[in-house]
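Enquirer: Provided below: structure.txt, containing compact mmCIF, C-alpha atoms.
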# COMPACT_ATOMS: atom_id res chain seq x y z
CA MET A 1 -23.62 -0.30 -5.44
CA SER A 2 -21.49 -1.91 -2.81
CA ALA A 3 -18.80 -4.52 -2.38
CA LYS A 4 -20.28 -7.98 -1.96
CA VAL A 5 -16.96 -9.46 -0.91
CA ILE A 6 -14.28 -7.89 1.27
CA THR A 7 -10.88 -9.51 1.69
CA ILE A 8 -8.45 -8.54 4.43
CA THR A 9 -4.79 -9.40 4.03
CA ARG A 10 -2.84 -8.48 7.16
CA GLU A 11 0.40 -8.57 9.04
CA PHE A 12 0.41 -10.70 12.17
CA GLY A 13 -0.52 -8.47 15.12
CA SER A 14 -1.88 -5.60 13.03
CA GLY A 15 -5.46 -6.16 14.19
CA GLY A 16 -6.57 -7.04 10.67
CA ARG A 17 -8.68 -9.95 11.90
CA THR A 18 -10.48 -7.74 14.42
CA ILE A 19 -10.99 -5.08 11.76
CA GLY A 20 -12.49 -7.68 9.42
CA LYS A 21 -14.79 -8.99 12.14
CA GLU A 22 -16.09 -5.51 13.00
CA VAL A 23 -16.55 -4.60 9.34
CA ALA A 24 -18.64 -7.77 8.92
CA GLN A 25 -20.71 -6.92 11.99
CA LYS A 26 -21.37 -3.37 10.80
CA LEU A 27 -22.37 -4.49 7.30
CA GLY A 28 -24.28 -7.56 8.49
CA TYR A 29 -21.93 -9.75 6.41
CA ASP A 30 -20.69 -13.26 7.16
CA PHE A 31 -17.20 -13.34 8.61
CA TYR A 32 -14.72 -16.00 7.55
CA ASP A 33 -11.45 -16.64 9.25
CA TRP A 34 -10.68 -19.79 11.26
CA ASN A 35 -14.18 -21.04 10.55
CA ILE A 36 -13.07 -21.74 6.98
CA VAL A 37 -10.95 -24.56 8.40
CA SER A 38 -13.79 -27.01 9.00
CA GLU A 39 -15.21 -26.44 5.51
CA VAL A 40 -11.80 -26.99 3.95
CA ALA A 41 -11.33 -30.14 6.04
CA LYS A 42 -14.65 -31.46 4.79
CA GLU A 43 -13.83 -30.56 1.18
CA SER A 44 -10.33 -32.02 1.21
CA GLY A 45 -10.59 -34.94 3.59
CA PHE A 46 -7.62 -33.57 5.57
CA ALA A 47 -7.81 -33.51 9.37
CA GLN A 48 -8.92 -30.22 10.86
CA GLU A 49 -5.56 -29.81 12.67
CA PHE A 50 -3.68 -30.26 9.43
CA VAL A 51 -5.72 -27.54 7.74
CA GLU A 52 -5.28 -25.28 10.75
CA GLU A 53 -1.53 -25.70 10.70
CA ASN A 54 -0.96 -25.44 6.97
CA GLY A 55 -3.86 -23.51 5.45
CA GLU A 56 -2.35 -20.08 5.80
CA ASP A 57 1.15 -20.18 7.24
CA ALA A 58 3.87 -22.47 5.96
CA SER A 59 5.52 -24.76 8.49
CA SER A 60 9.25 -24.20 9.01
CA THR A 61 10.05 -27.02 6.59
CA ASN A 62 7.58 -25.90 3.96
CA SER A 63 8.68 -22.32 4.37
CA PHE A 64 12.17 -23.41 3.35
CA ILE A 65 10.96 -25.56 0.46
CA PHE A 66 8.65 -22.82 -0.86
CA ARG A 67 11.33 -20.17 -0.78
CA PHE A 68 14.45 -21.96 -1.86
CA ASN A 69 13.22 -24.89 -3.95
CA ASN A 70 10.25 -23.04 -5.36
CA SER A 71 8.11 -26.13 -5.03
CA GLY A 72 5.30 -27.30 -2.77
CA SER A 73 4.55 -30.80 -1.63
CA ASP A 74 1.61 -32.65 -3.15
CA LEU A 75 -0.21 -32.43 0.17
CA MET A 76 0.23 -28.68 0.41
CA ASP A 77 -0.93 -28.18 -3.16
CA LYS A 78 -4.02 -30.32 -2.55
CA LEU A 79 -4.83 -28.31 0.56
CA TYR A 80 -4.44 -25.04 -1.35
CA ILE A 81 -6.73 -26.24 -4.15
CA ALA A 82 -9.42 -27.35 -1.67
CA GLN A 83 -9.16 -24.07 0.19
CA ARG A 84 -9.38 -22.08 -3.04
CA LYS A 85 -12.58 -23.92 -3.95
CA VAL A 86 -14.15 -23.18 -0.55
CA ILE A 87 -13.17 -19.49 -0.77
CA LYS A 88 -14.66 -19.16 -4.26
CA GLU A 89 -17.90 -20.74 -3.09
CA ILE A 90 -18.10 -18.43 -0.09
CA ALA A 91 -17.54 -15.41 -2.37
CA ASP A 92 -20.22 -16.63 -4.78
CA LYS A 93 -22.72 -16.59 -1.92
CA GLY A 94 -21.71 -12.94 -1.38
CA ASN A 95 -21.99 -10.50 1.54
CA CYS A 96 -18.89 -11.75 3.30
CA VAL A 97 -15.57 -10.68 4.77
CA ILE A 98 -12.70 -13.15 4.32
CA VAL A 99 -9.46 -12.78 6.26
CA GLY A 100 -6.15 -14.06 4.90
CA ARG A 101 -5.67 -17.40 3.08
CA CYS A 102 -4.72 -15.74 -0.23
CA ALA A 103 -8.35 -14.66 -0.70
CA ASP A 104 -7.17 -11.35 -2.24
CA TYR A 105 -5.43 -13.33 -4.98
CA ILE A 106 -8.03 -16.06 -5.38
CA LEU A 107 -10.79 -13.47 -5.83
CA ARG A 108 -8.71 -10.93 -7.77
CA GLU A 109 -10.99 -10.94 -10.79
CA ARG A 110 -14.23 -10.24 -8.98
CA LYS A 111 -15.49 -6.77 -9.77
CA ASP A 112 -17.63 -6.77 -6.62
CA ALA A 113 -14.70 -7.20 -4.21
CA LEU A 114 -12.89 -4.70 -2.03
CA HIS A 115 -9.37 -5.91 -1.27
CA CYS A 116 -7.72 -4.40 1.83
CA PHE A 117 -4.22 -4.70 3.27
CA ILE A 118 -3.62 -3.90 6.95
CA TRP A 119 -0.20 -3.29 8.44
CA ALA A 120 1.08 -1.76 11.67
CA ASP A 121 4.34 -0.63 13.22
CA LYS A 122 6.42 -3.00 15.33
CA LYS A 123 5.52 -1.50 18.71
CA PHE A 124 1.78 -1.74 18.03
CA LYS A 125 2.08 -5.34 16.84
CA GLU A 126 4.22 -6.41 19.79
CA GLU A 127 1.77 -4.97 22.31
CA ARG A 128 -1.21 -6.39 20.51
CA VAL A 129 0.17 -9.90 20.16
CA VAL A 130 0.89 -10.10 23.89
CA ASN A 131 -2.53 -8.68 24.78
CA VAL A 132 -4.51 -10.87 22.38
CA TYR A 133 -2.53 -14.12 22.33
CA GLY A 134 -0.69 -13.93 25.67
CA GLU A 135 2.98 -14.45 26.55
CA THR A 136 4.92 -17.49 25.39
CA ASN A 137 8.48 -18.69 25.93
CA GLU A 138 9.55 -17.29 22.59
CA SER A 139 10.51 -13.60 22.56
CA ILE A 140 7.81 -11.36 21.16
CA GLU A 141 10.18 -10.07 18.49
CA LYS A 142 10.93 -13.59 17.31
CA ARG A 143 7.22 -14.52 17.29
CA LEU A 144 6.38 -11.62 15.00
CA VAL A 145 9.21 -12.31 12.60
CA ASN A 146 8.62 -16.08 12.49
CA LYS A 147 4.88 -15.83 11.98
CA ASP A 148 5.14 -13.26 9.19
CA LYS A 149 7.96 -15.20 7.53
CA LYS A 150 5.78 -18.32 7.38
CA ARG A 151 2.73 -16.40 6.21
CA ILE A 152 4.68 -14.59 3.50
CA ALA A 153 6.36 -17.81 2.29
CA HIS A 154 2.93 -19.45 1.88
CA TYR A 155 1.41 -16.37 0.24
CA GLU A 156 4.22 -15.73 -2.22
CA TYR A 157 4.51 -19.37 -3.23
CA TYR A 158 0.82 -19.84 -3.98
CA THR A 159 0.08 -16.44 -5.49
CA GLY A 160 3.32 -15.71 -7.34
CA ARG A 161 2.99 -12.21 -5.92
CA LYS A 162 5.26 -10.24 -3.65
CA TRP A 163 3.77 -9.66 -0.20
CA GLY A 164 2.50 -6.20 0.72
CA ARG A 165 2.40 -4.38 -2.58
CA PRO A 166 -0.29 -1.69 -2.82
CA TRP A 167 -1.11 -2.62 -6.42
CA TYR A 168 -3.14 -5.63 -5.27
CA TYR A 169 -5.41 -3.67 -2.92
CA GLN A 170 -7.88 -0.86 -3.41
CA ILE A 171 -6.83 0.28 0.04
CA CYS A 172 -3.92 -0.25 2.43
CA LEU A 173 -4.19 1.08 5.97
CA ASP A 174 -1.80 1.56 8.88
CA SER A 175 -3.81 0.41 11.90
CA SER A 176 -1.14 1.61 14.34
CA SER A 177 -1.42 5.28 13.49
CA LEU A 178 -5.07 5.34 12.40
CA GLY A 179 -6.47 3.02 15.06
CA ILE A 180 -8.71 -0.03 14.67
CA ASP A 181 -11.99 1.92 14.72
CA THR A 182 -10.94 4.34 11.99
CA CYS A 183 -9.81 1.44 9.80
CA VAL A 184 -13.19 -0.25 10.31
CA ASP A 185 -15.12 2.94 9.47
CA THR A 186 -12.99 3.63 6.40
CA ILE A 187 -13.49 0.14 4.98
CA VAL A 188 -17.24 0.17 5.68
CA GLU A 189 -17.50 3.57 3.97
CA LEU A 190 -15.54 2.42 0.91
CA ALA A 191 -17.44 -0.86 0.66
CA GLY A 192 -20.54 1.20 -0.05
CA LYS A 193 -18.86 2.95 -2.94
CA ILE A 194 -17.48 0.08 -4.97
CA ASP A 195 -18.74 0.23 -8.53
CA ASN A 196 -19.45 -3.27 -9.74
CA MET B 1 -6.96 16.50 16.31
CA SER B 2 -6.17 16.58 12.65
CA ALA B 3 -3.28 16.24 10.24
CA LYS B 4 -1.48 19.54 9.71
CA VAL B 5 0.48 18.21 6.78
CA ILE B 6 -0.68 15.84 4.05
CA THR B 7 1.76 14.35 1.56
CA ILE B 8 0.66 12.67 -1.65
CA THR B 9 3.04 10.32 -3.41
CA ARG B 10 1.59 9.15 -6.69
CA GLU B 11 2.08 7.26 -9.90
CA PHE B 12 2.10 9.36 -13.06
CA GLY B 13 -1.45 9.52 -14.42
CA SER B 14 -3.14 8.26 -11.25
CA GLY B 15 -4.80 11.61 -10.54
CA GLY B 16 -2.82 12.02 -7.32
CA ARG B 17 -2.14 15.70 -8.04
CA THR B 18 -5.83 16.41 -8.62
CA ILE B 19 -6.71 14.49 -5.47
CA GLY B 20 -4.19 16.55 -3.48
CA LYS B 21 -5.55 19.80 -4.90
CA GLU B 22 -9.15 18.92 -4.03
CA VAL B 23 -8.18 17.74 -0.54
CA ALA B 24 -6.45 21.11 0.01
CA GLN B 25 -9.52 22.98 -1.23
CA LYS B 26 -11.87 21.04 1.02
CA LEU B 27 -9.69 21.52 4.09
CA GLY B 28 -8.76 25.12 3.26
CA TYR B 29 -5.08 24.10 3.21
CA ASP B 30 -2.28 25.47 1.02
CA PHE B 31 -1.50 23.28 -1.96
CA TYR B 32 2.09 22.72 -3.06
CA ASP B 33 3.08 21.08 -6.26
CA TRP B 34 4.77 22.90 -9.16
CA ASN B 35 4.60 26.13 -7.16
CA ILE B 36 7.39 24.74 -4.97
CA VAL B 37 9.70 25.21 -7.94
CA SER B 38 10.04 28.98 -7.65
CA GLU B 39 10.77 28.77 -3.92
CA VAL B 40 13.42 26.12 -4.51
CA ALA B 41 14.92 28.21 -7.32
CA LYS B 42 15.16 31.18 -4.96
CA GLU B 43 16.65 29.06 -2.18
CA SER B 44 19.21 27.30 -4.37
CA GLY B 45 20.10 29.90 -6.97
CA PHE B 46 19.31 27.37 -9.72
CA ALA B 47 17.27 28.49 -12.73
CA GLN B 48 13.57 27.75 -12.51
CA GLU B 49 13.75 25.47 -15.59
CA PHE B 50 16.53 23.44 -13.99
CA VAL B 51 14.46 22.90 -10.83
CA GLU B 52 11.43 22.03 -12.92
CA GLU B 53 13.34 19.42 -14.89
CA ASN B 54 15.27 17.84 -12.05
CA GLY B 55 13.35 18.46 -8.83
CA GLU B 56 11.23 15.35 -8.95
CA ASP B 57 12.05 13.16 -11.92
CA ALA B 58 15.57 12.15 -12.87
CA SER B 59 16.71 12.96 -16.39
CA SER B 60 17.59 9.96 -18.57
CA THR B 61 21.28 10.40 -17.75
CA ASN B 62 20.73 10.89 -14.03
CA SER B 63 18.29 8.02 -13.95
CA PHE B 64 21.08 5.77 -15.19
CA ILE B 65 23.65 7.20 -12.78
CA PHE B 66 21.29 6.94 -9.79
CA ARG B 67 20.39 3.36 -10.51
CA PHE B 68 23.59 1.78 -11.69
CA ASN B 69 26.34 3.91 -10.16
CA ASN B 70 24.41 4.66 -6.98
CA SER B 71 25.69 8.22 -7.00
CA GLY B 72 24.24 11.64 -7.72
CA SER B 73 25.99 14.61 -9.22
CA ASP B 74 26.90 17.54 -6.97
CA LEU B 75 24.29 19.66 -8.72
CA MET B 76 21.53 17.13 -8.13
CA ASP B 77 22.47 16.75 -4.50
CA LYS B 78 22.45 20.52 -4.01
CA LEU B 79 19.04 20.76 -5.61
CA TYR B 80 17.71 17.99 -3.36
CA ILE B 81 19.08 19.69 -0.24
CA ALA B 82 17.52 23.05 -1.21
CA GLN B 83 14.20 21.38 -1.97
CA ARG B 84 14.25 19.49 1.32
CA LYS B 85 14.75 22.78 3.18
CA VAL B 86 11.82 24.42 1.39
CA ILE B 87 9.56 21.41 2.06
CA LYS B 88 10.44 21.39 5.76
CA GLU B 89 9.68 25.10 6.03
CA ILE B 90 6.34 24.68 4.28
CA ALA B 91 5.46 21.84 6.67
CA ASP B 92 6.46 23.94 9.68
CA LYS B 93 3.95 26.57 8.62
CA GLY B 94 1.34 23.73 8.62
CA ASN B 95 -2.08 23.28 7.02
CA CYS B 96 -0.73 22.17 3.68
CA VAL B 97 -0.89 19.42 1.08
CA ILE B 98 2.41 18.62 -0.66
CA VAL B 99 2.51 16.46 -3.78
CA GLY B 100 5.56 14.38 -4.67
CA ARG B 101 9.19 15.53 -4.32
CA CYS B 102 10.02 12.93 -1.66
CA ALA B 103 7.91 14.88 0.86
CA ASP B 104 6.69 11.61 2.43
CA TYR B 105 10.29 10.74 3.26
CA ILE B 106 11.47 14.25 4.17
CA LEU B 107 8.57 14.65 6.62
CA ARG B 108 8.51 11.03 7.84
CA GLU B 109 9.10 11.94 11.47
CA ARG B 110 6.27 14.46 11.81
CA LYS B 111 3.53 13.10 14.02
CA ASP B 112 1.04 15.56 12.52
CA ALA B 113 1.40 14.27 8.96
CA LEU B 114 -0.84 12.00 6.91
CA HIS B 115 1.17 10.27 4.19
CA CYS B 116 -0.83 8.95 1.22
CA PHE B 117 0.13 6.87 -1.82
CA ILE B 118 -2.08 6.93 -4.92
CA TRP B 119 -1.86 4.38 -7.70
CA ALA B 120 -4.11 3.37 -10.59
CA ASP B 121 -4.36 0.65 -13.20
CA LYS B 122 -2.78 1.05 -16.62
CA LYS B 123 -6.00 1.74 -18.54
CA PHE B 124 -7.04 4.52 -16.15
CA LYS B 125 -3.60 6.15 -16.30
CA GLU B 126 -3.39 5.95 -20.08
CA GLU B 127 -6.76 7.60 -20.54
CA ARG B 128 -6.05 10.23 -17.94
CA VAL B 129 -2.64 11.21 -19.28
CA VAL B 130 -4.05 11.77 -22.77
CA ASN B 131 -7.02 13.74 -21.39
CA VAL B 132 -4.99 15.90 -19.02
CA TYR B 133 -1.68 16.32 -20.85
CA GLY B 134 -2.72 15.72 -24.47
CA GLU B 135 -1.25 13.52 -27.17
CA THR B 136 2.45 13.57 -28.02
CA ASN B 137 4.59 11.75 -30.58
CA GLU B 138 5.65 9.21 -27.99
CA SER B 139 3.28 6.27 -27.46
CA ILE B 140 1.16 6.58 -24.35
CA GLU B 141 2.53 3.31 -23.01
CA LYS B 142 6.10 4.54 -23.36
CA ARG B 143 5.26 7.87 -21.73
CA LEU B 144 3.87 6.19 -18.65
CA VAL B 145 6.80 3.81 -18.29
CA ASN B 146 9.43 6.47 -18.91
CA LYS B 147 7.94 9.02 -16.55
CA ASP B 148 7.52 6.54 -13.69
CA LYS B 149 11.00 5.13 -14.28
CA LYS B 150 12.53 8.60 -13.89
CA ARG B 151 10.38 9.44 -10.88
CA ILE B 152 11.21 6.16 -9.15
CA ALA B 153 14.94 6.49 -9.87
CA HIS B 154 14.95 9.95 -8.24
CA TYR B 155 12.83 8.82 -5.28
CA GLU B 156 14.77 5.66 -4.53
CA TYR B 157 18.14 7.34 -4.82
CA TYR B 158 17.33 10.21 -2.47
CA THR B 159 15.22 8.32 0.06
CA GLY B 160 16.96 4.93 0.13
CA ARG B 161 13.46 3.47 0.07
CA LYS B 162 11.76 1.19 -2.39
CA TRP B 163 8.97 2.91 -4.33
CA GLY B 164 5.37 2.04 -3.50
CA ARG B 165 5.63 0.12 -0.26
CA PRO B 166 2.58 0.48 2.01
CA TRP B 167 4.76 0.70 5.12
CA TYR B 168 5.59 4.34 4.41
CA TYR B 169 1.97 5.49 4.14
CA GLN B 170 -0.93 5.54 6.54
CA ILE B 171 -3.10 5.00 3.50
CA CYS B 172 -2.67 3.76 -0.08
CA LEU B 173 -5.58 4.11 -2.49
CA ASP B 174 -6.40 2.80 -5.95
CA SER B 175 -7.90 5.81 -7.73
CA SER B 176 -8.92 3.73 -10.76
CA SER B 177 -11.38 1.52 -8.93
CA LEU B 178 -12.40 3.95 -6.18
CA GLY B 179 -12.59 7.10 -8.29
CA ILE B 180 -11.02 10.52 -7.65
CA ASP B 181 -13.90 11.84 -5.51
CA THR B 182 -13.91 8.87 -3.16
CA CYS B 183 -10.14 9.17 -2.70
CA VAL B 184 -10.55 12.86 -1.87
CA ASP B 185 -13.33 12.18 0.65
CA THR B 186 -11.41 9.33 2.29
CA ILE B 187 -8.27 11.42 2.77
CA VAL B 188 -10.23 14.42 4.09
CA GLU B 189 -12.03 12.12 6.54
CA LEU B 190 -8.80 10.51 7.75
CA ALA B 191 -7.00 13.84 8.03
CA GLY B 192 -9.50 14.76 10.72
CA LYS B 193 -8.66 11.66 12.73
CA ILE B 194 -4.88 11.79 12.92
CA ASP B 195 -3.72 11.67 16.51
CA ASN B 196 -0.77 13.99 16.95
Can I see the file as structure tokens?
Expert:
Amino acid sequence: MSAKVITITREFGSGGRTIGKEVAQKLGYDFYDWNIVSEVAKESGFAQEFVEENGEDASSTNSFIFRFNNSGSDLMDKLYIAQRKVIKEIADKGNCVIVGRCADYILRERKDALHCFIWADKKFKEERVVNVYGETNESIEKRLVNKDKKRIAHYEYYTGRKWGRPWYYQICLDSSSLGIDTCVDTIVELAGKIDN
Amino acid sequence: MSAKVITITREFGSGGRTIGKEVAQKLGYDFYDWNIVSEVAKESGFAQEFVEENGEDASSTNSFIFRFNNSGSDLMDKLYIAQRKVIKEIADKGNCVIVGRCADYILRERKDALHCFIWADKKFKEERVVNVYGETNESIEKRLVNKDKKRIAHYEYYTGRKWGRPWYYQICLDSSSLGIDTCVDTIVELAGKIDN
């Protein structure tokens, strides 16, 4: 038996996206990350840029509304519902790795899924973000904090879960001390052992 | 390179102790769990029964004092200090697996350590506790809740950490969906890859 669906929930800069991509390559699975955007745009009628900007991370305004008013706008809710539909359809097709976008929560009841959480220490994330995404005017420290804050606000609002609790994942890994390759190998190995 | 020290922090009933024991056997490492008690008793002068009862889980009274008064009694603090010394000495000798007793926190700065957190779903823990420890007058549900409550109160008071956060562990595993053997194999595999 093996996991038909693998979800990767990750901290910004932890290399979770790269890990997901390599896991997909090794298993011959489809890989879904930004490429979900166009499908969600088609499904919802929203512009691609709108989905890109709001599909995973809350904007500063929404971040505030999610956290302190505990409410989402109609537009945000519609986007979430469209995205959830697309993610469920992708999972139904099977043999896929899905990064982020609350997929761990949306697919929580699937017995054939392996849910993974990837985190890393600050130094690792800072170096990685500069190497992968380049320098910007904003300090690297601020970029990390801001991005995670927006991602967590979106995640917690739409899932009702607290971010980064082991109880939602069969496996959590520290990519900074284990390294990207070891994380990939471990997930591939475990995917082959999921009883479903 | 490989991990010289492995710590296992676990929920009651998750099989974490068994996993630690089997990891130690496979690696040819020393295994420390209840057998720490006699060393701590020697070190501290406390009776063995006292160490057994208070070395890892708070009593009902202490649980209350830890959580709501945020203070420990002199006796508890002395016991913790003696236990910390014993755990550090065991780690210095190397090639060991240590279960519970805040070892993840006490040894947090060792670069040669692999820190693991094991959890399981309620059904798995309930079945396991009855199979391993037998029936008692107390309902199984109450036993699980009470035991974890006391363990968490002790852990959080002495470490200043929140229980069960992935950021303290290179790996967290769900023994209920992965199975004991897979958890053992995964930890043994990772232990061989720790860069120190």
Enquirer: When the cut-off is 7 Å and we count all atoms listed in the file, which residues of chain A are near chain B, given as a list in words?
Expert: Gly164, Arg165, Pro166, Gln170, Ile171, Cys172, Leu173, Asp174, Ser177, Leu178 and Ile194 of chain A
Enquirer: Using all atoms listed in the file, which residues sit within 6 Å of stretch 29-44 of chain B once same-chain residues fewer than 3 positions away are excluded, as a list of chain:residue names?
Expert: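 Listed by chain and then number, they are B:Ala24, B:Ala47, B:Gln48, B:Ala82, B:Gln83, B:Asn95, B:Cys96, B:Val97, B:Ile98, B:Val99.
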Enquirer: One decimal, Å: what's the distance from atom CA of B:Glu126 over to atom CA of B:Leu144, could you say?
Expert: 7.4 Å
Enquirer: Choose the residue, out of A:Glu49, A:Glu156, A:Val188, A:Leu79, that has the smallest atom-to-atom separation from A:Ala3; count all atoms listed in the file.
Expert: A:Val188
Enquirer: Measuring atom to atom with all atoms listed in the file, identify which of B:Gly55, B:Gly192, B:Gly134, B:Gly16 is nearest to B:Cys102.
Expert: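 Nearest candidate to B:Cys102 out of B:Gly55, B:Gly192, B:Gly134, B:Gly16: B:Gly55.
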Enquirer: Considering all atoms listed in the file, return as a PyMOL selection string whatever protein or nucleic-acid residues lie within 7 Å of A:Ile180, sequence-local ones (same chain, fewer than 4 positions apart) excluded.
Expert: chain A and resi 15+19+175+184
Enquirer: Which residues, written as a list in words, have at least one atom at most 6 Å from A:Lys125, with all atoms listed in the file counted and residues fewer than 4 positions away on the same chain left out?
Expert: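 Here the answer would be Gly13, Ser14 and Val129 of chain A.
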Enquirer: Please compute the atom CA of B:Ala58-atom CA of B:Lys85 distance, one decimal, in Å.
Expert: 19.3 Å
